[in-house]
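The file model26.tsv contains TSV, C-alpha atoms:
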chain	number	residue	atom	x	y	z
O	1	ARG	CA	29.67	122.44	-32.15
O	2	THR	CA	28.76	118.79	-31.62
O	3	SER	CA	26.81	118.68	-34.89
O	4	ALA	CA	29.73	120.25	-36.74
O	5	LEU	CA	32.13	117.63	-35.39
O	6	LEU	CA	29.74	114.86	-36.34
O	7	SER	CA	29.38	116.22	-39.85
O	8	TYR	CA	33.14	116.52	-40.24
O	9	ASN	CA	33.55	112.87	-39.38
O	10	PHE	CA	30.69	111.48	-41.38
O	11	PHE	CA	32.09	113.02	-44.54
O	12	LEU	CA	34.79	110.36	-44.14
O	13	LEU	CA	32.17	107.73	-44.79
O	14	LEU	CA	30.59	106.84	-48.12
O	15	ILE	CA	28.43	109.70	-49.29
O	16	GLY	CA	27.61	109.39	-52.94
O	17	THR	CA	28.57	108.74	-56.49
O	18	ASN	CA	29.51	110.98	-59.37
O	19	ASP	CA	27.60	109.11	-61.94
O	20	GLY	CA	23.98	108.30	-61.03
O	21	PHE	CA	21.93	105.88	-63.16
O	22	SER	CA	22.55	105.58	-66.93
O	23	ILE	CA	19.49	106.97	-68.70
O	24	ILE	CA	18.87	104.90	-71.77
O	25	SER	CA	16.94	106.69	-74.49
O	26	HIS	CA	15.84	105.67	-77.95
O	27	HIS	CA	14.84	107.95	-80.82
O	28	PHE	CA	11.95	106.58	-82.85
O	29	SER	CA	12.29	108.18	-86.25
O	30	ASN	CA	9.09	106.67	-87.59
O	31	ILE	CA	6.74	106.70	-84.62
O	32	ARG	CA	3.62	106.19	-86.74
O	33	THR	CA	4.74	102.80	-88.00
O	34	THR	CA	6.26	101.50	-84.74
O	35	THR	CA	3.89	99.87	-82.28
O	36	ARG	CA	4.03	100.59	-78.57
O	37	ALA	CA	4.96	96.96	-77.91
O	38	GLN	CA	7.92	97.28	-80.28
O	39	GLN	CA	9.01	100.50	-78.55
O	40	ARG	CA	8.91	98.84	-75.11
O	41	SER	CA	10.83	95.83	-76.38
O	42	THR	CA	13.57	98.02	-77.84
O	43	ILE	CA	13.98	100.02	-74.61
O	44	PHE	CA	14.15	96.96	-72.36
O	45	ARG	CA	16.69	95.23	-74.56
O	46	SER	CA	18.90	98.31	-74.29
O	47	ALA	CA	18.57	98.44	-70.51
O	48	SER	CA	19.14	94.76	-69.80
O	49	SER	CA	22.02	93.86	-72.09
O	50	ILE	CA	25.73	94.57	-71.85
O	51	ASN	CA	26.11	94.95	-75.60
O	52	SER	CA	24.96	93.19	-78.74
O	53	ASN	CA	27.60	90.45	-78.35
O	54	ASP	CA	26.76	89.39	-74.82
O	55	ASP	CA	23.96	87.08	-73.84
O	56	GLU	CA	21.33	87.35	-71.18
O	57	GLU	CA	22.90	84.56	-69.14
O	58	GLU	CA	26.03	86.65	-68.50
O	59	VAL	CA	23.91	89.68	-67.62
O	60	GLN	CA	21.98	87.70	-65.04
O	61	ARG	CA	25.18	86.17	-63.63
O	62	LEU	CA	26.71	89.60	-62.99
O	63	ILE	CA	23.48	90.86	-61.45
O	64	ALA	CA	23.40	87.79	-59.18
O	65	LEU	CA	26.99	88.52	-58.09
O	66	THR	CA	26.00	92.10	-57.31
O	67	LYS	CA	23.06	90.93	-55.19
O	68	ASP	CA	25.39	88.65	-53.23
O	69	PHE	CA	27.88	91.49	-52.71
O	70	MET	CA	25.17	93.85	-51.47
O	71	ALA	CA	23.86	91.16	-49.11
O	72	ASP	CA	27.14	90.31	-47.38
O	73	GLY	CA	30.69	91.65	-47.27
O	74	ASN	CA	30.37	95.10	-48.91
O	75	GLY	CA	31.69	96.93	-45.85
O	76	PHE	CA	28.91	99.46	-45.43
O	77	TYR	CA	25.89	97.29	-44.56
O	78	SER	CA	27.97	94.35	-43.31
O	79	LYS	CA	31.60	93.72	-42.40
O	80	ALA	CA	33.88	93.97	-45.44
O	81	LYS	CA	35.17	90.73	-46.91
O	82	PRO	CA	38.50	91.54	-48.59
O	83	GLU	CA	38.13	88.63	-51.01
O	84	TRP	CA	35.30	90.48	-52.77
O	85	PHE	CA	37.61	93.31	-53.85
O	86	ALA	CA	40.21	93.47	-56.62
O	87	ASP	CA	43.72	94.57	-55.66
O	88	ASP	CA	43.24	97.68	-57.85
O	89	PHE	CA	39.78	98.37	-56.41
O	90	ALA	CA	38.53	101.98	-56.25
O	91	PHE	CA	35.69	103.53	-54.29
O	92	GLN	CA	34.11	106.84	-55.24
O	93	GLY	CA	31.24	108.81	-53.75
O	94	GLU	CA	29.45	111.91	-54.92
O	95	ILE	CA	32.04	114.26	-53.42
O	96	LEU	CA	34.61	111.83	-52.03
O	97	GLY	CA	37.26	109.51	-53.39
O	98	PRO	CA	38.89	107.92	-55.07
O	99	MET	CA	39.84	105.55	-52.28
O	100	ASN	CA	41.91	102.40	-52.63
O	101	LYS	CA	41.06	98.96	-51.24
O	102	GLU	CA	43.11	99.26	-48.04
O	103	GLY	CA	41.74	102.70	-47.19
O	104	TYR	CA	38.13	101.77	-47.96
O	105	ILE	CA	38.15	98.69	-45.73
O	106	ARG	CA	40.04	100.43	-42.90
O	107	ASN	CA	37.64	103.40	-42.87
O	108	LEU	CA	34.52	101.27	-42.71
O	109	GLU	CA	35.92	98.92	-40.08
O	110	GLY	CA	36.56	102.02	-37.98
O	111	PHE	CA	32.99	103.30	-38.18
O	112	GLN	CA	31.19	99.92	-38.20
O	113	LEU	CA	27.82	101.28	-39.19
O	114	TYR	CA	26.52	97.72	-39.35
O	115	GLU	CA	27.04	97.59	-35.57
O	116	ALA	CA	25.49	101.00	-34.89
O	117	PHE	CA	22.51	100.10	-37.09
O	118	PRO	CA	22.31	96.33	-36.42
O	119	ASP	CA	19.22	95.88	-38.59
O	120	ILE	CA	20.51	98.01	-41.47
O	121	GLN	CA	19.51	96.82	-44.93
O	122	PRO	CA	20.19	98.34	-48.37
O	123	ASN	CA	17.10	96.77	-49.98
O	124	PRO	CA	18.63	96.82	-53.49
O	125	SER	CA	16.45	96.78	-56.60
O	126	SER	CA	16.25	97.91	-60.25
O	127	PHE	CA	19.42	96.16	-61.43
O	128	VAL	CA	20.50	97.16	-64.96
O	129	MET	CA	23.69	96.94	-67.02
O	130	ASP	CA	25.65	100.01	-68.07
O	131	SER	CA	25.58	100.27	-71.86
O	132	GLN	CA	29.06	101.88	-71.98
O	133	ASN	CA	30.91	99.86	-69.34
O	134	PRO	CA	30.29	96.20	-70.14
O	135	ARG	CA	30.67	94.75	-66.63
O	136	ARG	CA	29.13	97.57	-64.62
O	137	VAL	CA	25.84	96.92	-62.81
O	138	TRP	CA	23.67	99.84	-61.69
O	139	LEU	CA	21.11	99.52	-58.89
O	140	GLN	CA	18.97	101.44	-56.45
O	141	VAL	CA	19.04	101.13	-52.68
O	142	ARG	CA	16.51	102.29	-50.09
O	143	VAL	CA	18.29	102.01	-46.76
O	144	THR	CA	16.37	100.96	-43.65
O	145	GLY	CA	17.56	100.45	-40.09
O	146	THR	CA	17.53	101.69	-36.51
O	147	HIS	CA	20.30	103.61	-34.74
O	148	LYS	CA	20.77	101.38	-31.66
O	149	GLN	CA	24.50	101.59	-30.87
O	150	SER	CA	27.08	104.38	-30.68
O	151	ILE	CA	29.40	105.24	-33.57
O	152	PRO	CA	33.11	105.94	-32.90
O	153	LEU	CA	34.18	109.21	-34.52
O	154	ARG	CA	37.80	110.26	-35.03
O	155	ILE	CA	37.96	114.03	-34.57
O	156	LEU	CA	41.62	114.90	-34.08
O	157	PRO	CA	44.98	113.23	-34.74
O	158	TRP	CA	46.23	111.03	-31.90
O	159	ALA	CA	43.01	111.56	-29.91
O	160	PRO	CA	40.67	108.69	-29.01
O	161	PRO	CA	37.37	108.64	-30.89
O	162	LEU	CA	34.29	110.39	-29.60
O	163	GLN	CA	31.09	108.39	-29.38
O	164	PHE	CA	28.01	109.43	-31.31
O	165	GLU	CA	25.50	107.87	-28.95
O	166	ALA	CA	22.48	105.95	-30.18
O	167	THR	CA	19.49	108.11	-31.02
O	168	GLY	CA	16.92	105.39	-31.67
O	169	ALA	CA	16.23	107.01	-35.05
O	170	VAL	CA	14.42	104.83	-37.57
O	171	VAL	CA	15.86	105.07	-41.08
O	172	LYS	CA	13.54	104.74	-44.06
O	173	GLY	CA	15.64	106.17	-46.85
O	174	GLY	CA	14.65	107.28	-50.30
O	175	PRO	CA	16.23	105.86	-53.47
O	176	GLU	CA	19.98	106.16	-54.04
O	177	ALA	CA	22.01	105.07	-57.06
O	178	PHE	CA	24.91	102.65	-56.69
O	179	SER	CA	27.09	100.88	-59.23
O	180	VAL	CA	29.36	97.83	-59.01
O	181	THR	CA	31.92	97.07	-61.73
O	182	TRP	CA	33.34	93.55	-61.94
O	183	ASP	CA	36.72	92.67	-63.39
O	184	ASN	CA	37.31	89.56	-65.49
O	185	SER	CA	38.09	87.56	-62.34
O	186	ASP	CA	34.71	88.50	-60.84
O	187	LYS	CA	36.25	90.83	-58.27
O	188	VAL	CA	34.74	94.24	-57.48
O	189	LYS	CA	36.93	96.73	-59.31
O	190	PHE	CA	34.91	99.93	-58.89
O	191	LEU	CA	32.18	100.85	-56.42
O	192	THR	CA	30.19	104.07	-56.57
O	193	VAL	CA	27.58	104.82	-53.93
O	194	GLY	CA	24.97	107.06	-52.44
O	195	TYR	CA	23.71	109.40	-55.15
O	196	ALA	CA	20.27	110.43	-53.87
O	197	ILE	CA	17.82	110.54	-56.77
O	198	SER	CA	14.86	112.10	-54.95
O	199	GLN	CA	14.01	114.09	-51.82
O	200	GLU	CA	11.80	111.39	-50.34
O	201	GLY	CA	12.58	109.37	-47.25
O	202	THR	CA	14.51	110.11	-44.08
O	203	ASN	CA	17.78	110.89	-45.90
O	204	GLY	CA	16.47	114.32	-46.93
O	205	GLY	CA	18.03	114.20	-50.39
O	206	PHE	CA	21.47	113.13	-49.12
O	207	GLY	CA	23.18	109.84	-49.93
O	208	ALA	CA	24.81	107.17	-47.78
O	209	ALA	CA	26.31	108.52	-44.51
O	210	PHE	CA	24.88	112.02	-44.85
O	211	GLY	CA	21.48	110.40	-45.33
O	212	LEU	CA	21.97	108.49	-42.07
O	213	LEU	CA	23.04	111.69	-40.31
O	214	HIS	CA	19.90	113.46	-41.50
O	215	ALA	CA	17.77	110.58	-40.26
O	216	CYS	CA	19.49	110.85	-36.86
O	217	GLY	CA	18.52	114.51	-36.51
O	218	VAL	CA	21.55	116.46	-37.74
O	219	ASP	CA	20.43	119.76	-39.24
O	220	LYS	CA	19.96	119.71	-43.02
O	221	LYS	CA	21.47	123.19	-43.47
O	222	LEU	CA	24.64	122.10	-41.69
O	223	LEU	CA	24.91	118.97	-43.81
O	224	LYS	CA	24.46	121.01	-46.97
O	225	PHE	CA	27.11	123.49	-45.86
O	226	VAL	CA	29.66	120.71	-45.31
O	227	HIS	CA	28.61	119.06	-48.60
O	228	ASP	CA	28.99	122.29	-50.57
O	229	ASN	CA	32.36	123.15	-48.97
O	230	ILE	CA	33.91	119.72	-49.12
O	231	GLY	CA	37.16	120.99	-50.69
O	232	PRO	CA	38.52	122.64	-47.53
O	233	VAL	CA	37.26	119.73	-45.43
O	234	LEU	CA	39.19	117.28	-47.59
O	235	ALA	CA	42.31	119.42	-47.29
O	236	ILE	CA	42.04	119.46	-43.49
O	237	ASN	CA	41.43	115.71	-43.45
O	238	GLN	CA	44.52	114.97	-45.54
O	239	PHE	CA	46.63	117.27	-43.36
O	240	ALA	CA	45.40	115.40	-40.28
O	241	GLY	CA	46.24	112.13	-41.99
O	242	ARG	CA	49.82	113.24	-42.52
O	243	LEU	CA	50.11	113.98	-38.81
O	244	ASP	CA	48.51	110.69	-37.75
O	245	GLY	CA	48.57	107.78	-40.18
O	246	THR	CA	45.69	106.07	-38.37
O	247	MET	CA	43.20	108.83	-39.27
O	248	PRO	CA	40.54	107.76	-41.78
O	249	LEU	CA	40.87	109.55	-45.12
O	250	ALA	CA	38.02	110.58	-47.40
O	251	LYS	CA	40.30	110.68	-50.44
O	252	ALA	CA	43.48	108.72	-51.06
O	253	TYR	CA	46.68	110.68	-51.57
O	254	ASP	CA	47.57	111.19	-55.23
O	255	LYS	CA	50.64	108.96	-54.96
O	256	VAL	CA	48.48	106.18	-53.49
O	257	VAL	CA	46.00	106.49	-56.36
O	258	GLU	CA	48.84	106.26	-58.89
O	259	ARG	CA	50.26	103.20	-57.15
O	260	ASP	CA	47.12	101.26	-56.24
O	261	ILE	CA	44.59	102.41	-58.88
O	262	PRO	CA	46.69	102.74	-62.05
O	263	TRP	CA	43.60	102.78	-64.27
O	264	TRP	CA	42.08	105.83	-62.55
O	265	LYS	CA	43.49	108.41	-64.94
O	266	GLU	CA	42.05	106.53	-67.92
O	267	TYR	CA	38.66	106.43	-66.22
O	268	GLU	CA	38.72	110.18	-65.57
O	269	GLU	CA	39.60	110.87	-69.21
O	270	THR	CA	37.26	108.41	-70.93
O	271	GLY	CA	34.58	107.38	-68.45
O	272	GLN	CA	35.49	103.75	-69.16
O	273	VAL	CA	36.47	101.27	-66.46
O	274	PRO	CA	39.09	98.90	-67.92
O	275	VAL	CA	38.31	95.39	-66.72
Encoding of this model in structure tokens:
Amino acid sequence: RTSALLSYNFFLLLIGTNDGFSIISHHFSNIRTTTRAQQRSTIFRSASSINSNDDEEEVQRLIALTKDFMADGNGFYSKAKPEWFADDFAFQGEILGPMNKEGYIRNLEGFQLYEAFPDIQPNPSSFVMDSQNPRRVWLQVRVTGTHKQSIPLRILPWAPPLQFEATGAVVKGGPEAFSVTWDNSDKVKFLTVGYAISQEGTNGGFGAAFGLLHACGVDKKLLKFVHDNIGPVLAINQFAGRLDGTMPLAKAYDKVVERDIPWWKEYEETGQVPV
């Protein structure tokens, strides 16, 4: 029962992303006359440039911004700094979201994983630009940390949080895919997180909060059951939110999405993030 309650609450955290890394491929129609060096050059130019009209300096500037965001103020690995986020910011995980700016910051300030895992680090690497979304940076994270403090978990409306006591578990996560999209004012407009891209590491093939749960000893079968039946869980969560407005939500209400993330419908239809 305790594990089920823990899993119910951790689904409120950031679990994953719908998209994963962009896989950039190139068809060599005349392989016999193209050298290996030329092939490598073509691939790397595709992976490291926004498009043919943008220069490498802008690419590196956006990647540097992303590194700064991952290092401080993102909300998950450190306390959220509201000034990083655009007013029409959206968060999305693998099975959660979209969530607006207010909801994202409120949820993470409630859980404070950076306090429960005081040495938590995302260890970001492999920064590349999305070839279809010109200000979207993709990256990998391999989360490390130690579960040293309790985590407050909201179970029921109006009830005080339960405490998931420290387990001492050491987290050495496998690779997960994240993306950060910047608007033209250099604010984070879209954040996607936690898509596990292998089974290695302590996260057991899960991303973000589910990966931390797995590292802390929660049964993998239970996590998978919650993951695969997220629809009813989301419905229960939104019902609880209507009863108690202080409950953390894993998905913003439709009317909130329409009001605070007006570009979301366009993104769902085209896959493009208007910046």
Contacts of Thr246 of chain O within 9 Å, all atoms listed in the file, excl. fewer than 4 positions in-chain, as a VMD selection string: chain O and resid 157 to 158 241
Mind running segment 177-208 of chain O against segment 56-72 of chain O at 12 Å and telling me each contacting residue's nearest atom pair with the distance in Å (one decimal), counting all atoms listed in the file, chain and number ascending, as a tab-separated table?
residue	atom	partner	partner_atom	distance
O:Phe178	CA	O:Met70	CA	10.2
O:Ser179	CA	O:Thr66	CA	9.1
O:Val180	CA	O:Thr66	CA	6.9
O:Thr181	CA	O:Thr66	CA	8.9
O:Trp182	CA	O:Leu62	CA	7.8
O:Asp183	CA	O:Leu62	CA	10.5
O:Asn184	CA	O:Leu62	CA	10.9
O:Ser185	CA	O:Leu62	CA	11.6
O:Asp186	CA	O:Leu65	CA	8.2
O:Lys187	CA	O:Leu65	CA	9.5
O:Val188	CA	O:Phe69	CA	8.8
O:Phe190	CA	O:Thr66	CA	12.0
O:Leu191	CA	O:Thr66	CA	10.7
O:Val193	CA	O:Met70	CA	11.5
Option closest in space to Leu249 of chain O, from O:Met99, O:Val170, O:Leu212, O:Ala80 [counting only C-alpha atoms]: O:Met99
Å distance separating atom CA of Lys220 of chain O from atom CA of Thr146 of chain O, one decimal place: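 The value is 19.3 Å.
Going from atom CA of Gln92 of chain O over to atom CA of His214 of chain O, you cover 20.8 Å.
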Length of the atom CA of Gly245 of chain O to atom CA of Phe89 of chain O vector [Å]: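 Atom CA of Phe89 of chain O lies 20.7 Å from atom CA of Gly245 of chain O.
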For Arg106 of chain O, the nearest of the candidates O:Val141, O:Ala250, O:Val218, O:Ala169, counting all atoms listed in the file: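 Closest candidate: O:Ala250.
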Among the residues O:Glu269, O:Met247, O:Pro274, O:Trp263, the one that comes closest to Ala159 of chain O [using all atoms listed in the file]: O:Met247
Which residue of O:Glu115, O:Glu176, O:Glu102, O:Asp219 approaches Trp138 of chain O most closely, using all atoms listed in the file: O:Glu176
Shell around Ser150 of chain O at 8 Å using all atoms listed in the file, local window under 2 positions removed, as a PyMOL selection string: chain O and resi 116+147-148+152+163-166
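Distance annotation: of O:Gln272, O:Asn229, O:Gln140, O:Asn74, the residue with the minimal separation from Tyr104 of chain O is O:Asn74; atom set is only C-alpha atoms.
If you measure from each of O:Ile197, O:Ala86, O:Leu139, O:Leu96 to Gly231 of chain O using all atoms listed in the file, the closest one turns out to be O:Leu96.
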